[in-house]
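Structure below is coords-v2.pdb: PDB, C-alpha atoms, pLDDT in the B column.
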```
MODEL        1
ATOM      1  CA  MET A   1     111.031  66.524 -18.792  1.00 46.00           C
ATOM      2  CA  GLN A   2     111.248  68.738 -15.747  1.00 46.00           C
ATOM      3  CA  ILE A   3     108.039  70.002 -14.173  1.00 46.00           C
ATOM      4  CA  LYS A   4     108.153  73.711 -13.413  1.00 54.00           C
ATOM      5  CA  LYS A   5     107.376  74.555  -9.806  1.00 58.00           C
ATOM      6  CA  GLU A   6     105.157  77.556  -9.293  1.00 72.00           C
ATOM      7  CA  MET A   7     106.859  80.522  -7.736  1.00 80.00           C
ATOM      8  CA  THR A   8     105.690  82.151  -4.528  1.00 84.00           C
ATOM      9  CA  GLY A   9     104.916  85.852  -4.206  1.00 85.00           C
ATOM     10  CA  GLN A  10     108.064  86.379  -2.115  1.00 91.00           C
ATOM     11  CA  GLN A  11     110.257  84.659  -4.720  1.00 92.00           C
ATOM     12  CA  ALA A  12     108.685  86.783  -7.451  1.00 92.00           C
ATOM     13  CA  TYR A  13     109.273  89.918  -5.376  1.00 94.00           C
ATOM     14  CA  SER A  14     112.958  89.020  -4.939  1.00 94.00           C
ATOM     15  CA  ARG A  15     113.479  88.365  -8.640  1.00 94.00           C
ATOM     16  CA  LEU A  16     111.636  91.525  -9.670  1.00 95.00           C
ATOM     17  CA  THR A  17     113.557  93.764  -7.259  1.00 95.00           C
ATOM     18  CA  ALA A  18     116.807  92.401  -8.680  1.00 95.00           C
ATOM     19  CA  LEU A  19     115.532  93.091 -12.193  1.00 94.00           C
ATOM     20  CA  CYS A  20     114.392  96.622 -11.296  1.00 93.00           C
ATOM     21  CA  ALA A  21     117.725  97.367  -9.638  1.00 93.00           C
ATOM     22  CA  ARG A  22     119.468  96.774 -12.992  1.00 94.00           C
ATOM     23  CA  SER A  23     117.179  98.860 -15.221  1.00 93.00           C
ATOM     24  CA  GLU A  24     113.903 100.766 -15.378  1.00 94.00           C
ATOM     25  CA  HIS A  25     110.722  98.769 -15.901  1.00 95.00           C
ATOM     26  CA  CYS A  26     107.026  99.612 -15.993  1.00 96.00           C
ATOM     27  CA  GLN A  27     104.130  97.975 -14.166  1.00 95.00           C
ATOM     28  CA  GLN A  28     102.946  96.139 -17.275  1.00 95.00           C
ATOM     29  CA  GLU A  29     106.298  94.404 -17.754  1.00 95.00           C
ATOM     30  CA  MET A  30     106.339  93.225 -14.138  1.00 95.00           C
ATOM     31  CA  LEU A  31     102.728  91.984 -14.286  1.00 95.00           C
ATOM     32  CA  GLU A  32     103.515  90.059 -17.466  1.00 95.00           C
ATOM     33  CA  LYS A  33     106.521  88.389 -15.829  1.00 94.00           C
ATOM     34  CA  MET A  34     104.440  87.369 -12.809  1.00 93.00           C
ATOM     35  CA  ARG A  35     101.728  85.958 -15.096  1.00 93.00           C
ATOM     36  CA  GLN A  36     104.365  83.893 -16.891  1.00 92.00           C
ATOM     37  CA  TRP A  37     105.625  82.614 -13.550  1.00 91.00           C
ATOM     38  CA  GLY A  38     102.122  81.500 -12.544  1.00 91.00           C
ATOM     39  CA  ILE A  39     101.651  83.966  -9.686  1.00 91.00           C
ATOM     40  CA  SER A  40      98.014  84.361  -8.588  1.00 91.00           C
ATOM     41  CA  GLU A  41      96.325  87.691  -9.303  1.00 92.00           C
ATOM     42  CA  GLU A  42      96.005  88.382  -5.581  1.00 94.00           C
ATOM     43  CA  GLU A  43      99.749  87.869  -5.033  1.00 93.00           C
ATOM     44  CA  GLN A  44     100.505  89.900  -8.158  1.00 94.00           C
ATOM     45  CA  ALA A  45      98.599  92.835  -6.680  1.00 94.00           C
ATOM     46  CA  GLU A  46     100.466  92.526  -3.365  1.00 95.00           C
ATOM     47  CA  VAL A  47     103.885  92.280  -5.007  1.00 95.00           C
ATOM     48  CA  MET A  48     103.083  95.180  -7.353  1.00 95.00           C
ATOM     49  CA  ALA A  49     101.900  97.384  -4.469  1.00 96.00           C
ATOM     50  CA  ARG A  50     105.112  96.649  -2.586  1.00 95.00           C
ATOM     51  CA  LEU A  51     107.314  97.330  -5.631  1.00 96.00           C
ATOM     52  CA  ILE A  52     105.573 100.669  -6.162  1.00 95.00           C
ATOM     53  CA  SER A  53     105.635 101.722  -2.499  1.00 96.00           C
ATOM     54  CA  GLU A  54     109.351 100.911  -2.277  1.00 96.00           C
ATOM     55  CA  ARG A  55     109.907 102.864  -5.530  1.00 95.00           C
ATOM     56  CA  TYR A  56     111.332  99.953  -7.499  1.00 95.00           C
ATOM     57  CA  ILE A  57     108.671 100.727 -10.078  1.00 95.00           C
ATOM     58  CA  ASP A  58     107.653 104.235 -11.041  1.00 96.00           C
ATOM     59  CA  ASP A  59     105.887 104.582 -14.395  1.00 95.00           C
ATOM     60  CA  GLU A  60     106.779 108.266 -14.746  1.00 95.00           C
ATOM     61  CA  ARG A  61     110.480 107.593 -14.101  1.00 96.00           C
ATOM     62  CA  PHE A  62     110.318 104.673 -16.546  1.00 97.00           C
ATOM     63  CA  THR A  63     108.625 106.873 -19.160  1.00 97.00           C
ATOM     64  CA  ARG A  64     111.296 109.560 -18.870  1.00 96.00           C
ATOM     65  CA  ALA A  65     114.092 107.020 -19.355  1.00 96.00           C
ATOM     66  CA  PHE A  66     112.240 105.231 -22.179  1.00 97.00           C
ATOM     67  CA  VAL A  67     111.472 108.456 -24.075  1.00 96.00           C
ATOM     68  CA  ASN A  68     115.032 109.713 -23.646  1.00 95.00           C
ATOM     69  CA  ASP A  69     116.514 106.463 -24.975  1.00 96.00           C
ATOM     70  CA  LYS A  70     114.150 106.068 -27.919  1.00 96.00           C
ATOM     71  CA  ILE A  71     114.524 109.650 -29.110  1.00 95.00           C
ATOM     72  CA  ARG A  72     118.247 110.132 -28.572  1.00 93.00           C
ATOM     73  CA  TYR A  73     119.613 106.664 -29.343  1.00 96.00           C
ATOM     74  CA  ASN A  74     117.024 104.970 -31.554  1.00 96.00           C
ATOM     75  CA  LYS A  75     116.191 108.281 -33.273  1.00 96.00           C
ATOM     76  CA  TRP A  76     112.432 107.781 -33.063  1.00 96.00           C
ATOM     77  CA  GLY A  77     109.871 110.519 -33.527  1.00 95.00           C
ATOM     78  CA  ARG A  78     107.029 111.405 -31.180  1.00 95.00           C
ATOM     79  CA  ARG A  79     104.387 109.178 -32.816  1.00 96.00           C
ATOM     80  CA  LYS A  80     106.490 106.026 -32.634  1.00 97.00           C
ATOM     81  CA  VAL A  81     107.381 106.680 -28.985  1.00 97.00           C
ATOM     82  CA  GLU A  82     103.695 107.316 -28.164  1.00 96.00           C
ATOM     83  CA  GLN A  83     102.735 104.008 -29.735  1.00 97.00           C
ATOM     84  CA  ALA A  84     105.435 102.103 -27.835  1.00 97.00           C
ATOM     85  CA  LEU A  85     104.289 103.668 -24.555  1.00 97.00           C
ATOM     86  CA  TRP A  86     100.683 102.753 -25.361  1.00 97.00           C
ATOM     87  CA  GLN A  87     101.778  99.135 -25.921  1.00 96.00           C
ATOM     88  CA  LYS A  88     103.391  99.188 -22.478  1.00 96.00           C
ATOM     89  CA  HIS A  89     100.100 100.461 -20.968  1.00 96.00           C
ATOM     90  CA  ILE A  90     101.634 103.693 -19.726  1.00 96.00           C
ATOM     91  CA  ASP A  91      98.991 106.184 -18.603  1.00 96.00           C
ATOM     92  CA  LYS A  92      98.305 108.692 -21.376  1.00 96.00           C
ATOM     93  CA  ASP A  93      98.664 111.649 -18.988  1.00 96.00           C
ATOM     94  CA  ILE A  94     102.171 110.548 -17.982  1.00 96.00           C
ATOM     95  CA  ALA A  95     103.177 109.889 -21.596  1.00 96.00           C
ATOM     96  CA  ASN A  96     101.874 113.252 -22.813  1.00 96.00           C
ATOM     97  CA  ARG A  97     103.479 115.164 -19.943  1.00 96.00           C
ATOM     98  CA  VAL A  98     106.898 113.632 -20.626  1.00 96.00           C
ATOM     99  CA  LEU A  99     106.630 113.957 -24.422  1.00 95.00           C
ATOM    100  CA  ASN A 100     105.505 117.587 -24.177  1.00 94.00           C
ATOM    101  CA  GLU A 101     108.716 118.419 -22.302  1.00 94.00           C
ATOM    102  CA  ILE A 102     110.691 117.693 -25.467  1.00 92.00           C
ATOM    103  CA  ASP A 103     110.874 120.711 -27.719  1.00 89.00           C
ATOM    104  CA  ASP A 104     110.696 120.694 -31.497  1.00 87.00           C
ATOM    105  CA  GLU A 105     114.344 121.738 -31.761  1.00 91.00           C
ATOM    106  CA  GLU A 106     115.421 118.398 -30.337  1.00 92.00           C
ATOM    107  CA  TYR A 107     113.339 116.502 -32.896  1.00 93.00           C
ATOM    108  CA  LEU A 108     114.757 118.721 -35.636  1.00 93.00           C
ATOM    109  CA  SER A 109     118.331 118.060 -34.503  1.00 93.00           C
ATOM    110  CA  ILE A 110     117.659 114.323 -34.744  1.00 95.00           C
ATOM    111  CA  LEU A 111     115.699 114.278 -37.996  1.00 94.00           C
ATOM    112  CA  LYS A 112     117.923 116.606 -40.057  1.00 93.00           C
ATOM    113  CA  PRO A 113     120.988 114.303 -40.068  1.00 94.00           C
ATOM    114  CA  LEU A 114     118.752 111.271 -40.660  1.00 94.00           C
ATOM    115  CA  LEU A 115     117.212 112.899 -43.737  1.00 94.00           C
ATOM    116  CA  LYS A 116     120.583 114.084 -44.989  1.00 92.00           C
ATOM    117  CA  GLN A 117     121.936 110.539 -44.758  1.00 93.00           C
ATOM    118  CA  LYS A 118     118.800 109.049 -46.321  1.00 93.00           C
ATOM    119  CA  ARG A 119     118.870 111.567 -49.188  1.00 90.00           C
ATOM    120  CA  ARG A 120     122.264 110.169 -50.265  1.00 91.00           C
ATOM    121  CA  SER A 121     120.850 106.662 -50.651  1.00 92.00           C
ATOM    122  CA  ILE A 122     117.593 107.569 -52.421  1.00 90.00           C
ATOM    123  CA  LYS A 123     117.262 106.844 -56.087  1.00 89.00           C
ATOM    124  CA  ALA A 124     114.643 109.182 -57.506  1.00 83.00           C
ATOM    125  CA  ASP A 125     113.884 110.527 -60.978  1.00 87.00           C
ATOM    126  CA  ASP A 126     113.053 114.025 -59.785  1.00 88.00           C
ATOM    127  CA  ASN A 127     112.939 116.291 -56.742  1.00 87.00           C
ATOM    128  CA  ARG A 128     109.248 115.567 -56.063  1.00 90.00           C
ATOM    129  CA  GLN A 129     109.808 111.818 -55.941  1.00 92.00           C
ATOM    130  CA  GLU A 130     112.790 112.300 -53.637  1.00 91.00           C
ATOM    131  CA  ARG A 131     110.706 114.448 -51.250  1.00 92.00           C
ATOM    132  CA  ILE A 132     107.958 111.805 -51.161  1.00 93.00           C
ATOM    133  CA  LYS A 133     110.485 109.113 -50.268  1.00 94.00           C
ATOM    134  CA  LEU A 134     112.018 111.296 -47.550  1.00 94.00           C
ATOM    135  CA  VAL A 135     108.585 112.034 -46.066  1.00 95.00           C
ATOM    136  CA  LYS A 136     107.682 108.326 -46.039  1.00 96.00           C
ATOM    137  CA  PHE A 137     110.982 107.514 -44.348  1.00 96.00           C
ATOM    138  CA  ALA A 138     110.502 110.180 -41.663  1.00 96.00           C
ATOM    139  CA  LEU A 139     106.886 109.108 -41.065  1.00 96.00           C
ATOM    140  CA  SER A 140     108.027 105.515 -40.609  1.00 96.00           C
ATOM    141  CA  ARG A 141     110.411 106.742 -37.890  1.00 96.00           C
ATOM    142  CA  GLY A 142     107.461 108.341 -36.087  1.00 96.00           C
ATOM    143  CA  PHE A 143     108.059 112.004 -36.861  1.00 96.00           C
ATOM    144  CA  THR A 144     105.121 114.361 -37.358  1.00 94.00           C
ATOM    145  CA  MET A 145     104.458 116.172 -40.640  1.00 94.00           C
ATOM    146  CA  ASP A 146     105.163 119.631 -39.191  1.00 92.00           C
ATOM    147  CA  ILE A 147     108.666 118.562 -38.098  1.00 93.00           C
ATOM    148  CA  ILE A 148     109.248 116.712 -41.388  1.00 94.00           C
ATOM    149  CA  ARG A 149     108.240 119.770 -43.438  1.00 92.00           C
ATOM    150  CA  GLN A 150     110.605 121.988 -41.474  1.00 91.00           C
ATOM    151  CA  CYS A 151     113.505 119.598 -42.090  1.00 88.00           C
ATOM    152  CA  ILE A 152     112.816 118.927 -45.744  1.00 85.00           C
ATOM    153  CA  ASP A 153     112.351 122.622 -46.515  1.00 75.00           C
ATOM    154  CA  VAL A 154     115.666 123.401 -44.774  1.00 65.00           C
ATOM    155  CA  GLU A 155     117.338 120.503 -46.621  1.00 57.00           C
ATOM    156  CA  ASP A 156     116.048 121.853 -49.956  1.00 56.00           C
ATOM    157  CA  GLU A 157     117.350 125.354 -49.170  1.00 54.00           C
ATOM    158  CA  ASP A 158     120.733 123.917 -48.178  1.00 54.00           C
ATOM    159  CA  GLU A 159     120.889 121.967 -51.426  1.00 52.00           C
ATOM    160  CA  TYR A 160     120.459 125.140 -53.484  1.00 39.00           C
ATOM    161  CA  LEU A 161     123.160 126.919 -51.489  1.00 35.00           C
ATOM    162  CA  ASP A 162     125.754 124.214 -52.210  1.00 40.00           C
TER     163      ASP A 162
ENDMDL
END
```
The structure in this file should be written as structure tokens.
Amino acid sequence: MQIKKEMTGQQAYSRLTALCARSEHCQQEMLEKMRQWGISEEEQAEVMARLISERYIDDERFTRAFVNDKIRYNKWGRRKVEQALWQKHIDKDIANRVLNEIDDEEYLSILKPLLKQKRRSIKADDNRQERIKLVKFALSRGFTMDIIRQCIDVEDEDEYLD
């Protein structure tokens, strides 16, 4: 069994800068890594201050990238993204500012195809049951009721036009 040597603050800084150069990370992720490496709280604070001052870590920049990825690629709604940001200890002001920049049309353009695809796979006895299942699905993806209603009402209108 090999005994793990504790890492110094400088070694942690080097590893974290390499990590941050590859992708965006938030303060919480970096603090967690340093805790796992056994870095003292004093050294953690020093390393974190240096990472922030040298712009390796910027929570607002991270939040913009995170929100963009989760909405466009993972097809998450606002509520699910908010919760994920909360888990990463992102300041609520930053999270709200970035999320408020996204307009409802973008959420609609993501949710409509999701609901259309889901509607094909739903087995329901009647229209009401189908709507309930679609709403539950959209809620589980983190979309808000106002956006869901807009999409489901449009979907229902489209269905009658076909």
Next item on the list: Any chance you could resolve the PyMOL selection byres ((chain A and resi 52-64) around 6) against this file and give the residues as JSON, numbers by chain?
Entry: {"A": [20, 24, 25, 26, 49, 50, 51, 65, 66, 67]}
Next item on the list: Considering all atoms listed in the file, return as number ranges by chain whatever protein or nucleic-acid residues lie within 12 Å of Ser140 in chain A, sequence-local ones (same chain, fewer than 6 positions apart) excluded.
Entry: A: 75-81, 111, 133-134, 148
Note to self: Counting only C-alpha atoms, which residue out of A:Met7, A:Lys88, A:Ile152, A:Ile71 sits closest to Ile102 in chain A?
What the structure shows: A:Ile71
Checklist line | Non-local contacts of range 116-132 of chain A (10 Å; all atoms listed in the file; under 4 positions in same chain excluded) as a PyMOL selection string | finding: chain A and resi 111-112+136-138+149+151-153+155-156
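The coordinates place CA of Glu82 in chain A at 20.7 Å from CA of Leu31 in chain A.
Shortest separation to Gln28 in chain A among A:Glu43, A:Asn68, A:Gly9, A:His89 occurs at residue A:His89, atoms counted being only C-alpha atoms.
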Next item on the list: Measuring atom to atom with all atoms listed in the file, identify which of A:Ser109, A:Gln44, A:Gln87, A:Thr8 is nearest to Arg72 in chain A.
Entry: A:Ser109
Note to self: Between CA of Glu106 in chain A and CA of Leu85 in chain A, what distance in Å does the model show, to one decimal?
What the structure shows: 19.3 Å
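As for CA of Tyr107 in chain A and CA of Arg22 in chain A, they are spaced 28.7 Å apart.
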Where's the centre, and what are the edge lengths in Å to one decimal, of a box along x, y and z enclosing all listed atoms of range 137-144 of chain A padded 8 Å per side, as AutoDock Vina command-line options?
```
--center_x 108.1 --center_y 109.9 --center_z -40.2 --size_x 21.9 --size_y 24.8 --size_z 24.3
```
Next item on the list: Pull out every residue that the PyMOL selection byres ((chain A and resi 39) around 12) matches in the shown coordinates and put them as a PyMOL selection string.
Entry: chain A and resi 5-13+30-38+40-48
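Each of A:Pro113, A:Asn96, A:Lys70, A:Glu101 was compared to Gly142 in chain A using all atoms listed in the file, and A:Lys70 turns out to be the nearest.
The closest residue to Glu105 in chain A, picked from A:Ala21, A:Val135, A:Leu16, A:Ile147 and counting only C-alpha atoms, is A:Ile147.
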